[in-house]
Amino acid sequence: MTTTTRNLATLLAQAGNRCDPATGAISVPIYQTASFGHPALGQSTGFDYSRSSNPTRLALEETLAAIDGGHRGFAFASGLAAIDTVLRLFAPNDRLVVTEDLYGGTFRLFDKVYRPLGIEAVYVDTSDLDALRAALADPRVRGVFIESPTNPLLRIADVRAIAALARARGALTIVDNTFLTPCLQRPLDQGADLVVYSATKYLAGHNDVVAGAVITRTPELSERVAFLQNAVGGILGPQDAWLTLRGLKTLALRVARQQENAITIAEWLCTHPHVRRVYYPGLPGHAGRDILLREKSGWGGMIAFEVDDPARVAGILSGVRVFLFAESLGGVESLITYPAVQTHADLDADTRLRLGINDRLLRLSIGIEDAQDLIQDLEGVL
Ligand SMILES: Cc1ncc(COP(=O)(O)O)c(C=O)c1O
């Protein structure tokens, strides 16, 4: 049986196993070394210097490629370092069509780092295919950067349709798959060229490591990303690569439980008199539900909701006892976030309001706790 014929749960559970022929260690060792000795002039063990490659990082990178069905995987020091490396594939005067309500840090990277360098983002609602088609008509567009579901409003893009449109125009499709993970959404199978992750979130899964990942579809893209990873050097260290591999082993179990909890909590929130609106892709009537159903995808573990009165927000954030008021998402512990002042503070106030990121909106990252404990916690503060 080859790696490619194995199921995702098996690949994940055995991530990094049997990597050490010298000792037979089941768990891949943490190769905490900067450099590797050479047997003789002109010879190499396959490892020379840890920026270029490191066995612990390589075990993670091979797992990342396998679980997303890609050609190669690359591990970075953070999700933003991964995205930054992908953006270096573009040149001055190139344009990218970008999801308008994307993670604030990615917006900041486009706006404050790449725009001054001449690489410009054109923001569109990527859940609207007509808007996307219109934006792609500009011949300067060389790429499409999609976050789906979006952060924090959980809008869903039709990745398959977008990738086909982009390819017809000679543009690369990049998908930030942080929210759904390869367990629930497989962008490369849908025609995307590159997948990026904040591996800090679901992939590592325990709120104890900051990491990023890129997975490529073709040998040509692998070669270009491998060059950039080594040339720019934003690599993941061996300790954090090991923690990420360790987290990946339970990804399928965690995501299933987080989604199960999220469905229960989203349905409960819909019935609460102080909740004005609930954003969760699994709810009937959600605009993206049919796309996810068609792709045999899932809904994930993220929920956003609006309370009836913004004056409640401060009390909710200081009153929760099971949820933790903290940034980030995707870990085993449930977190609550206030996007307007935390994750999306880098968007100007008008843009935030136009997108719906208002002062009533709260975001939940649902963990693996008991769903009833989470509901009781919310009931207490609402
Ligand atoms: C969807 C998404 N992409 C990218 C990032 C950036 O990842 P990192 O914080 O690991 O740099 C985040 C961080 O919250 C995110 O939510």
# chains A, B, ... in the order shown; residues from 1 in each chain; ligands from 1
>>> residues_near_ligand(ligand="ligand 1", cutoff="6 Å", atoms="only C-alpha atoms and all ligand atoms", output="ChimeraX atom specification")
/A:78-80,103,178,198,200,210-212,328
>>> write_last_selection(atoms="N, CA, C and O atoms", output="PDB file, in the first residue's frame")
ATOM      1  N   SER A  78       5.264  30.809  10.843  1.00  0.00           N
ATOM      2  CA  SER A  78       3.907  31.251  11.176  1.00  0.00           C
ATOM      3  C   SER A  78       3.065  31.176   9.906  1.00  0.00           C
ATOM      4  O   SER A  78       3.620  31.037   8.802  1.00  0.00           O
ATOM      5  N   GLY A  79       1.767  31.323  10.095  1.00  0.00           N
ATOM      6  CA  GLY A  79       0.880  31.360   8.919  1.00  0.00           C
ATOM      7  C   GLY A  79       1.226  32.542   8.034  1.00  0.00           C
ATOM      8  O   GLY A  79       1.239  32.431   6.799  1.00  0.00           O
ATOM      9  N   LEU A  80       1.531  33.688   8.658  1.00  0.00           N
ATOM     10  CA  LEU A  80       1.853  34.870   7.846  1.00  0.00           C
ATOM     11  C   LEU A  80       3.183  34.704   7.108  1.00  0.00           C
ATOM     12  O   LEU A  80       3.328  35.184   5.983  1.00  0.00           O
ATOM     13  N   TYR A 103      -8.699  37.437   7.110  1.00  0.00           N
ATOM     14  CA  TYR A 103      -8.025  37.665   8.389  1.00  0.00           C
ATOM     15  C   TYR A 103      -7.265  39.003   8.349  1.00  0.00           C
ATOM     16  O   TYR A 103      -6.548  39.285   7.381  1.00  0.00           O
ATOM     17  N   THR A 178      -7.173  27.336   6.528  1.00  0.00           N
ATOM     18  CA  THR A 178      -6.986  27.260   7.976  1.00  0.00           C
ATOM     19  C   THR A 178      -8.257  26.792   8.696  1.00  0.00           C
ATOM     20  O   THR A 178      -8.197  25.981   9.619  1.00  0.00           O
ATOM     21  N   SER A 198      -2.505  28.738   8.531  1.00  0.00           N
ATOM     22  CA  SER A 198      -1.957  29.035   9.831  1.00  0.00           C
ATOM     23  C   SER A 198      -2.036  27.703  10.566  1.00  0.00           C
ATOM     24  O   SER A 198      -3.105  27.305  11.049  1.00  0.00           O
ATOM     25  N   THR A 200      -0.820  27.095  13.271  1.00  0.00           N
ATOM     26  CA  THR A 200      -1.049  27.473  14.668  1.00  0.00           C
ATOM     27  C   THR A 200      -2.435  27.004  15.124  1.00  0.00           C
ATOM     28  O   THR A 200      -2.641  26.726  16.303  1.00  0.00           O
ATOM     29  N   VAL A 210       3.184  28.374  17.221  1.00  0.00           N
ATOM     30  CA  VAL A 210       2.854  29.238  16.077  1.00  0.00           C
ATOM     31  C   VAL A 210       3.580  28.638  14.871  1.00  0.00           C
ATOM     32  O   VAL A 210       4.800  28.423  14.912  1.00  0.00           O
ATOM     33  N   ALA A 211       2.813  28.339  13.820  1.00  0.00           N
ATOM     34  CA  ALA A 211       3.401  27.658  12.660  1.00  0.00           C
ATOM     35  C   ALA A 211       2.576  27.950  11.419  1.00  0.00           C
ATOM     36  O   ALA A 211       1.407  28.324  11.515  1.00  0.00           O
ATOM     37  N   GLY A 212       3.198  27.761  10.255  1.00  0.00           N
ATOM     38  CA  GLY A 212       2.481  27.969   8.997  1.00  0.00           C
ATOM     39  C   GLY A 212       2.853  26.894   7.993  1.00  0.00           C
ATOM     40  O   GLY A 212       3.855  26.188   8.169  1.00  0.00           O
ATOM     41  N   SER A 328      -6.928  33.894  18.471  1.00  0.00           N
ATOM     42  CA  SER A 328      -6.594  32.583  17.903  1.00  0.00           C
ATOM     43  C   SER A 328      -7.826  31.682  17.864  1.00  0.00           C
ATOM     44  O   SER A 328      -8.932  32.079  18.274  1.00  0.00           O
TER      45      SER A 328
END
>>> select_by_dssp(residues="region 175-275 of chain A", states="strand (DSSP E)", output="list of chain:residue names")
A:Val175, A:Asp176, A:Leu194, A:Val195, A:Val196, A:Tyr197, A:Ser198, A:Gly212, A:Ala213, A:Val214, A:Ile215, A:Thr216, A:Val275
>>> closest_residue(among="A:Val278, A:Ala157, A:Val209, A:Leu89", to="Asp240 (chain A)", atoms="only C-alpha atoms")
A:Val209
>>> select_by_dssp(residues="region 51-269 of chain A", states="alpha helix (DSSP H)", output="ChimeraX atom specification")
/A:55-68,79-87,104-108,129-136,159-168,181-184,219-232,238-248,251-269
>>> residues_around(residues="His71 (chain A)", least_positions_apart="4", cutoff="12 Å", atoms="only C-alpha atoms", output="PDB file with C-alpha atoms, in the first residue's frame")
ATOM      1  CA  THR A   4      -1.338   7.917  -1.559  1.00  0.00           C
ATOM      2  CA  GLU A  61       6.417  18.598   5.392  1.00  0.00           C
ATOM      3  CA  GLU A  62       5.920  15.119   3.907  1.00  0.00           C
ATOM      4  CA  THR A  63       2.831  14.683   6.070  1.00  0.00           C
ATOM      5  CA  LEU A  64       1.456  18.066   4.988  1.00  0.00           C
ATOM      6  CA  ALA A  65       1.865  17.136   1.311  1.00  0.00           C
ATOM      7  CA  ALA A  66       0.249  13.720   1.821  1.00  0.00           C
ATOM      8  CA  ILE A  67      -2.809  14.901   3.768  1.00  0.00           C
ATOM      9  CA  LEU A 188      -5.994  21.087  -4.482  1.00  0.00           C
ATOM     10  CA  ASP A 189      -8.553  18.452  -5.527  1.00  0.00           C
ATOM     11  CA  ASP A 193      -2.617  25.640  -7.112  1.00  0.00           C
ATOM     12  CA  LEU A 194      -1.446  26.370  -3.583  1.00  0.00           C
ATOM     13  CA  VAL A 195      -2.902  25.854  -0.112  1.00  0.00           C
ATOM     14  CA  VAL A 214       2.251  25.861   2.150  1.00  0.00           C
ATOM     15  CA  ILE A 215       1.277  22.889  -0.009  1.00  0.00           C
ATOM     16  CA  THR A 216       1.915  22.976  -3.746  1.00  0.00           C
ATOM     17  CA  ARG A 217       0.169  21.175  -6.567  1.00  0.00           C
ATOM     18  CA  THR A 218       2.882  20.969  -9.208  1.00  0.00           C
ATOM     19  CA  PRO A 219       6.634  20.246  -9.306  1.00  0.00           C
ATOM     20  CA  GLU A 220       7.186  23.676 -10.874  1.00  0.00           C
ATOM     21  CA  LEU A 221       5.519  25.475  -7.951  1.00  0.00           C
ATOM     22  CA  SER A 222       7.334  23.203  -5.476  1.00  0.00           C
ATOM     23  CA  GLU A 223      10.648  24.244  -6.959  1.00  0.00           C
ATOM     24  CA  VAL A 225       8.498  27.697  -3.116  1.00  0.00           C
ATOM     25  CA  ALA A 226      11.470  25.533  -2.049  1.00  0.00           C
TER      26      ALA A 226
END
>>> decode(residues="region 118-131 of chain A", atoms="all heavy atoms", output="PDB file, in the first residue's frame")
ATOM      1  N   GLY A 118       4.283  47.315  -5.009  1.00  0.00           N
ATOM      2  CA  GLY A 118       3.692  47.276  -6.351  1.00  0.00           C
ATOM      3  C   GLY A 118       2.843  46.043  -6.620  1.00  0.00           C
ATOM      4  O   GLY A 118       2.424  45.809  -7.753  1.00  0.00           O
ATOM      5  N   ILE A 119       2.600  45.226  -5.589  1.00  0.00           N
ATOM      6  CA  ILE A 119       1.727  44.048  -5.767  1.00  0.00           C
ATOM      7  C   ILE A 119       0.413  44.373  -5.063  1.00  0.00           C
ATOM      8  O   ILE A 119       0.370  44.548  -3.843  1.00  0.00           O
ATOM      9  CB  ILE A 119       2.387  42.784  -5.188  1.00  0.00           C
ATOM     10  CG1 ILE A 119       3.643  42.485  -6.003  1.00  0.00           C
ATOM     11  CG2 ILE A 119       1.421  41.598  -5.194  1.00  0.00           C
ATOM     12  CD1 ILE A 119       4.548  41.445  -5.398  1.00  0.00           C
ATOM     13  N   GLU A 120      -0.634  44.487  -5.854  1.00  0.00           N
ATOM     14  CA  GLU A 120      -1.850  45.083  -5.320  1.00  0.00           C
ATOM     15  C   GLU A 120      -2.979  44.072  -5.167  1.00  0.00           C
ATOM     16  O   GLU A 120      -3.157  43.205  -6.041  1.00  0.00           O
ATOM     17  CB  GLU A 120      -2.308  46.201  -6.248  1.00  0.00           C
ATOM     18  CG  GLU A 120      -3.094  47.233  -5.482  1.00  0.00           C
ATOM     19  CD  GLU A 120      -3.329  48.475  -6.315  1.00  0.00           C
ATOM     20  OE1 GLU A 120      -2.387  48.905  -7.030  1.00  0.00           O
ATOM     21  OE2 GLU A 120      -4.443  48.988  -6.264  1.00  0.00           O
ATOM     22  N   ALA A 121      -3.706  44.193  -4.060  1.00  0.00           N
ATOM     23  CA  ALA A 121      -4.876  43.336  -3.836  1.00  0.00           C
ATOM     24  C   ALA A 121      -6.128  44.068  -4.308  1.00  0.00           C
ATOM     25  O   ALA A 121      -6.287  45.257  -4.050  1.00  0.00           O
ATOM     26  CB  ALA A 121      -4.997  43.011  -2.354  1.00  0.00           C
ATOM     27  N   VAL A 122      -6.989  43.335  -5.030  1.00  0.00           N
ATOM     28  CA  VAL A 122      -8.294  43.876  -5.412  1.00  0.00           C
ATOM     29  C   VAL A 122      -9.302  43.076  -4.598  1.00  0.00           C
ATOM     30  O   VAL A 122      -9.436  41.863  -4.787  1.00  0.00           O
ATOM     31  CB  VAL A 122      -8.555  43.644  -6.919  1.00  0.00           C
ATOM     32  CG1 VAL A 122      -9.889  44.231  -7.329  1.00  0.00           C
ATOM     33  CG2 VAL A 122      -7.425  44.208  -7.747  1.00  0.00           C
ATOM     34  N   TYR A 123      -9.967  43.757  -3.654  1.00  0.00           N
ATOM     35  CA  TYR A 123     -10.822  43.019  -2.720  1.00  0.00           C
ATOM     36  C   TYR A 123     -12.212  42.791  -3.294  1.00  0.00           C
ATOM     37  O   TYR A 123     -12.848  43.736  -3.759  1.00  0.00           O
ATOM     38  CB  TYR A 123     -10.921  43.778  -1.388  1.00  0.00           C
ATOM     39  CG  TYR A 123      -9.576  43.861  -0.714  1.00  0.00           C
ATOM     40  CD1 TYR A 123      -8.789  45.008  -0.827  1.00  0.00           C
ATOM     41  CD2 TYR A 123      -9.067  42.778  -0.019  1.00  0.00           C
ATOM     42  CE1 TYR A 123      -7.527  45.067  -0.251  1.00  0.00           C
ATOM     43  CE2 TYR A 123      -7.807  42.825   0.562  1.00  0.00           C
ATOM     44  CZ  TYR A 123      -7.048  43.975   0.436  1.00  0.00           C
ATOM     45  OH  TYR A 123      -5.803  44.019   1.003  1.00  0.00           O
ATOM     46  N   VAL A 124     -12.643  41.539  -3.273  1.00  0.00           N
ATOM     47  CA  VAL A 124     -14.014  41.241  -3.705  1.00  0.00           C
ATOM     48  C   VAL A 124     -14.641  40.238  -2.736  1.00  0.00           C
ATOM     49  O   VAL A 124     -13.939  39.568  -1.978  1.00  0.00           O
ATOM     50  CB  VAL A 124     -14.090  40.658  -5.153  1.00  0.00           C
ATOM     51  CG1 VAL A 124     -13.442  41.547  -6.173  1.00  0.00           C
ATOM     52  CG2 VAL A 124     -13.513  39.268  -5.225  1.00  0.00           C
ATOM     53  N   ASP A 125     -15.944  40.173  -2.821  1.00  0.00           N
ATOM     54  CA  ASP A 125     -16.675  39.144  -2.075  1.00  0.00           C
ATOM     55  C   ASP A 125     -16.512  37.850  -2.881  1.00  0.00           C
ATOM     56  O   ASP A 125     -17.157  37.674  -3.917  1.00  0.00           O
ATOM     57  CB  ASP A 125     -18.153  39.574  -1.971  1.00  0.00           C
ATOM     58  CG  ASP A 125     -19.014  38.502  -1.341  1.00  0.00           C
ATOM     59  OD1 ASP A 125     -18.477  37.418  -1.006  1.00  0.00           O
ATOM     60  OD2 ASP A 125     -20.226  38.745  -1.192  1.00  0.00           O
ATOM     61  N   THR A 126     -15.629  36.961  -2.420  1.00  0.00           N
ATOM     62  CA  THR A 126     -15.349  35.762  -3.231  1.00  0.00           C
ATOM     63  C   THR A 126     -16.469  34.719  -3.120  1.00  0.00           C
ATOM     64  O   THR A 126     -16.387  33.657  -3.731  1.00  0.00           O
ATOM     65  CB  THR A 126     -13.969  35.138  -2.883  1.00  0.00           C
ATOM     66  OG1 THR A 126     -13.786  35.130  -1.468  1.00  0.00           O
ATOM     67  CG2 THR A 126     -12.837  35.898  -3.524  1.00  0.00           C
ATOM     68  N   SER A 127     -17.510  35.029  -2.356  1.00  0.00           N
ATOM     69  CA  SER A 127     -18.681  34.141  -2.403  1.00  0.00           C
ATOM     70  C   SER A 127     -19.606  34.558  -3.552  1.00  0.00           C
ATOM     71  O   SER A 127     -20.633  33.926  -3.792  1.00  0.00           O
ATOM     72  CB  SER A 127     -19.426  34.138  -1.059  1.00  0.00           C
ATOM     73  OG  SER A 127     -19.997  35.408  -0.824  1.00  0.00           O
ATOM     74  N   ASP A 128     -19.236  35.638  -4.262  1.00  0.00           N
ATOM     75  CA  ASP A 128     -20.046  36.141  -5.370  1.00  0.00           C
ATOM     76  C   ASP A 128     -19.272  35.912  -6.681  1.00  0.00           C
ATOM     77  O   ASP A 128     -18.340  36.655  -7.005  1.00  0.00           O
ATOM     78  CB  ASP A 128     -20.300  37.645  -5.118  1.00  0.00           C
ATOM     79  CG  ASP A 128     -21.067  38.304  -6.249  1.00  0.00           C
ATOM     80  OD1 ASP A 128     -21.259  37.665  -7.298  1.00  0.00           O
ATOM     81  OD2 ASP A 128     -21.453  39.476  -6.075  1.00  0.00           O
ATOM     82  N   LEU A 129     -19.668  34.864  -7.415  1.00  0.00           N
ATOM     83  CA  LEU A 129     -18.913  34.476  -8.623  1.00  0.00           C
ATOM     84  C   LEU A 129     -18.917  35.571  -9.692  1.00  0.00           C
ATOM     85  O   LEU A 129     -17.938  35.735 -10.423  1.00  0.00           O
ATOM     86  CB  LEU A 129     -19.494  33.198  -9.218  1.00  0.00           C
ATOM     87  CG  LEU A 129     -18.888  31.878  -8.740  1.00  0.00           C
ATOM     88  CD1 LEU A 129     -19.507  30.713  -9.504  1.00  0.00           C
ATOM     89  CD2 LEU A 129     -17.378  31.858  -8.893  1.00  0.00           C
ATOM     90  N   ASP A 130     -20.008  36.333  -9.773  1.00  0.00           N
ATOM     91  CA  ASP A 130     -20.064  37.396 -10.787  1.00  0.00           C
ATOM     92  C   ASP A 130     -19.035  38.483 -10.479  1.00  0.00           C
ATOM     93  O   ASP A 130     -18.344  38.978 -11.375  1.00  0.00           O
ATOM     94  CB  ASP A 130     -21.473  38.013 -10.863  1.00  0.00           C
ATOM     95  CG  ASP A 130     -22.448  37.017 -11.456  1.00  0.00           C
ATOM     96  OD1 ASP A 130     -21.996  36.157 -12.241  1.00  0.00           O
ATOM     97  OD2 ASP A 130     -23.639  37.087 -11.119  1.00  0.00           O
ATOM     98  N   ALA A 131     -18.948  38.830  -9.197  1.00  0.00           N
ATOM     99  CA  ALA A 131     -17.971  39.850  -8.781  1.00  0.00           C
ATOM    100  C   ALA A 131     -16.558  39.360  -9.094  1.00  0.00           C
ATOM    101  O   ALA A 131     -15.697  40.118  -9.556  1.00  0.00           O
ATOM    102  CB  ALA A 131     -18.119  40.142  -7.292  1.00  0.00           C
TER     103      ALA A 131
END
